[in-house]
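> Just so it is clear, I am handing over data08.txt, which has compact mmCIF, C-alpha atoms.
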```
# COMPACT_ATOMS: atom_id res chain seq x y z
CA MET R 1030 10.15 37.09 -137.63
CA LYS R 1031 9.11 37.25 -141.26
CA SER R 1032 6.94 34.63 -142.90
CA ARG R 1033 8.83 31.51 -143.98
CA ILE R 1034 7.61 28.35 -145.70
CA PHE R 1035 9.08 24.88 -145.23
CA HIS R 1036 8.24 21.50 -146.73
CA THR R 1037 8.61 18.19 -144.93
CA GLN R 1038 8.21 14.69 -146.34
CA SER R 1039 7.84 12.63 -143.14
CA GLU R 1040 6.97 12.76 -139.46
CA ASP R 1041 10.70 12.65 -138.64
CA GLU R 1042 11.36 15.68 -140.89
CA THR R 1043 8.52 17.60 -139.21
CA ILE R 1044 9.95 16.79 -135.77
CA ALA R 1045 13.43 17.87 -136.95
CA LEU R 1046 11.99 21.16 -138.26
CA GLY R 1047 10.26 21.74 -134.90
CA GLU R 1048 13.60 21.16 -133.16
CA LYS R 1049 15.27 23.69 -135.44
CA LEU R 1050 12.49 26.27 -134.92
CA ALA R 1051 12.70 25.80 -131.13
CA ALA R 1052 16.20 27.28 -131.17
CA GLU R 1053 14.77 30.52 -132.61
CA LEU R 1054 11.90 30.97 -130.16
CA PRO R 1055 12.06 33.74 -127.56
CA PRO R 1056 12.00 32.38 -123.98
CA GLN R 1057 8.51 33.85 -123.45
CA THR R 1058 6.26 33.34 -126.43
CA ALA R 1059 2.94 31.90 -127.51
CA VAL R 1060 3.01 29.62 -130.56
CA LEU R 1061 -0.28 28.81 -132.26
CA LEU R 1062 -0.15 25.49 -134.11
CA ILE R 1063 -2.77 25.82 -136.85
CA GLY R 1064 -4.03 23.13 -139.20
CA ASN R 1065 -6.78 20.61 -139.84
CA LEU R 1066 -7.05 17.33 -137.94
CA GLY R 1067 -4.06 15.20 -138.90
CA ALA R 1068 -2.06 18.12 -140.30
CA GLY R 1069 0.84 17.52 -137.91
CA LYS R 1070 0.30 20.00 -135.09
CA THR R 1071 1.25 17.53 -132.36
CA THR R 1072 4.16 16.23 -134.45
CA MET R 1073 5.48 19.80 -134.70
CA ALA R 1074 4.97 20.17 -130.93
CA LYS R 1075 7.09 17.01 -130.39
CA GLY R 1076 9.98 18.65 -132.24
CA ILE R 1077 9.68 21.98 -130.47
CA VAL R 1078 9.45 20.36 -127.02
CA LYS R 1079 12.49 18.20 -127.85
CA GLY R 1080 14.38 21.22 -129.20
CA LEU R 1081 13.72 23.09 -125.96
CA GLY R 1082 15.10 20.15 -123.99
CA ALA R 1083 11.83 19.63 -122.09
CA ALA R 1084 10.94 16.05 -123.16
CA PRO R 1085 11.73 13.45 -125.82
CA PRO R 1086 9.23 13.20 -128.71
CA ASP R 1087 7.75 9.90 -127.50
CA GLU R 1088 6.67 11.61 -124.27
CA VAL R 1089 4.81 14.40 -126.10
CA SER R 1090 1.14 13.82 -126.86
CA SER R 1091 -1.78 16.06 -127.62
CA PRO R 1092 -3.45 17.24 -124.41
CA THR R 1093 -6.89 16.80 -126.00
CA PHE R 1094 -8.52 15.58 -122.79
CA THR R 1095 -6.27 17.11 -120.12
CA LEU R 1096 -6.17 20.40 -122.10
CA ILE R 1097 -2.73 21.44 -120.73
CA HIS R 1098 0.55 19.53 -120.48
CA GLU R 1099 3.44 21.16 -118.62
CA TYR R 1100 6.69 19.61 -119.88
CA SER R 1101 8.84 21.91 -117.77
CA PRO R 1102 8.30 25.25 -116.01
CA SER R 1103 9.23 26.85 -119.35
CA VAL R 1104 7.26 24.68 -121.83
CA TYR R 1105 3.48 24.24 -121.98
CA HIS R 1106 1.35 22.46 -124.59
CA ILE R 1107 -2.34 23.36 -124.73
CA ASP R 1108 -5.10 21.85 -126.87
CA LEU R 1109 -8.38 23.76 -127.16
CA TYR R 1110 -10.07 21.35 -129.60
CA ARG R 1111 -12.70 20.12 -127.13
CA LEU R 1112 -13.72 23.61 -126.02
CA ASP R 1113 -16.48 25.47 -127.83
CA ARG R 1114 -16.88 28.78 -126.00
CA GLU R 1115 -14.61 31.58 -124.81
CA ASP R 1116 -15.89 31.27 -121.24
CA GLN R 1117 -14.67 27.64 -121.17
CA VAL R 1118 -11.22 28.72 -122.34
CA ALA R 1119 -11.18 31.62 -119.86
CA THR R 1120 -11.38 29.16 -116.93
CA LEU R 1121 -8.01 27.61 -117.88
CA GLY R 1122 -5.95 30.54 -116.58
CA LEU R 1123 -4.16 31.13 -119.87
CA ASP R 1124 -3.31 34.74 -118.99
CA GLU R 1125 -1.26 33.49 -116.05
CA ILE R 1126 0.54 30.97 -118.28
CA PHE R 1127 1.18 33.62 -120.96
CA ASP R 1128 2.80 35.84 -118.29
CA ARG R 1129 5.38 33.18 -117.43
CA ALA R 1130 8.82 32.97 -119.01
CA ALA R 1131 7.66 30.02 -121.08
CA VAL R 1132 7.07 28.81 -124.60
CA VAL R 1133 3.35 28.05 -124.81
CA LEU R 1134 2.31 25.80 -127.71
CA ILE R 1135 -1.42 26.06 -128.46
CA GLU R 1136 -3.39 23.77 -130.74
CA TRP R 1137 -6.71 25.17 -132.01
CA GLY R 1138 -6.01 28.58 -130.44
CA GLU R 1139 -7.07 30.32 -133.66
CA ARG R 1140 -10.66 29.45 -132.69
CA PHE R 1141 -10.39 31.95 -129.81
CA PRO R 1142 -8.46 34.91 -131.27
CA ARG R 1143 -9.55 37.39 -128.57
CA LEU R 1144 -7.98 35.19 -125.88
CA MET R 1145 -4.64 34.75 -127.63
CA PRO R 1146 -1.70 37.12 -127.17
CA GLU R 1147 -1.40 39.71 -129.92
CA GLU R 1148 2.36 39.07 -129.98
CA ARG R 1149 2.72 35.46 -131.07
CA ILE R 1150 4.10 33.08 -133.62
CA GLU R 1151 1.76 31.11 -135.85
CA ILE R 1152 2.87 27.83 -137.38
CA ARG R 1153 0.37 26.87 -140.08
CA LEU R 1154 0.52 23.24 -141.22
CA ARG R 1155 -1.08 22.00 -144.41
CA THR R 1156 -1.18 18.43 -145.70
CA THR R 1157 0.20 18.20 -149.26
CA GLY R 1158 0.41 14.40 -149.48
CA GLU R 1159 0.15 11.30 -147.32
CA ASN R 1160 3.29 12.22 -145.32
CA SER R 1161 4.22 15.60 -146.79
CA ARG R 1162 3.43 18.96 -145.24
CA GLU R 1163 3.74 22.63 -146.11
CA ILE R 1164 4.58 24.56 -142.96
CA GLU R 1165 4.38 28.35 -142.77
CA VAL R 1166 5.90 30.19 -139.81
CA VAL R 1167 4.60 33.73 -139.26
CA GLY R 1168 5.33 36.28 -136.54
CA CYS R 1169 2.25 38.26 -135.48
CA GLY R 1170 1.95 41.51 -133.56
CA SER R 1171 4.17 44.58 -133.55
```
Just give me the structure of the file as structure tokens.


Amino acid sequence: MKSRIFHTQSEDETIALGEKLAAELPPQTAVLLIGNLGAGKTTMAKGIVKGLGAAPPDEVSSPTFTLIHEYSPSVYHIDLYRLDREDQVATLGLDEIFDRAAVVLIEWGERFPRLMPEERIEIRLRTTGENSREIEVVGCGS
């Protein structure tokens, strides 16, 4: 997957883009959602989860405190924001999740690059206005 850039003007457009991108995801892949607080990572996750048929957007929330939400056996949403050290992340069993035939959405995964799969997709979200976003989708690995 080559690098592509999209622009959205609202939360609904970001969800719709996530839905569209979900159709292109391999059945077993890690997706790092990268951006500052409020950049739209969870909003993008809502669209991807909806696009994969795992849950409606209003049932998707950031797993900031639970760390991992399993929306179906093939869709996981992980948030590493509250973790500071690799040993904390290592206790979550991510390797086992990455081995499953699942799409694994990871917020703040870029903070722990050694623990993330080399083969992955990165979705980088940047705020360009109150409701507008620039969203870059990049395939990483061989």

> Please identify all polymer residues within 8 Å of range 1065-1078 of chain R, counting only C-alpha atoms, omitting same-chain residues fewer than 4 positions from it, and present them as a VMD selection string.

chain R and resid 1040 1043 to 1051 1082 to 1087 1089 to 1091 1100 1104 1106 1134 1136 1154 to 1156 1162

> Counting all atoms listed in the file, which residue out of R:Leu1054, R:Ile1164, R:Leu1112, R:Leu1123 sits closest to Arg1140 in chain R?

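Using all atoms listed in the file, Arg1140 in chain R sits closest to R:Leu1112.
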
> Please, what distance in Å, to one decimal, runs between CA of Val1167 in chain R and CA of Glu1148 in chain R?

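Atom-to-atom, CA of Val1167 in chain R to CA of Glu1148 in chain R, that is 10.9 Å.
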
> Can you list, as a list in words, every protein, DNA or RNA residue that comes within 8 Å of Pro1056 in chain R when you count all atoms listed in the file, leaving out same-chain residues fewer than 2 positions away?

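Answer for this query is Leu1054, Thr1058, Ser1103, Ala1130, Ala1131 and Val1132 of chain R.
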
> What separation in Å, quoted to one decimal, exists between CA of Ile1063 in chain R and CA of Lys1079 in chain R?

19.3 Å
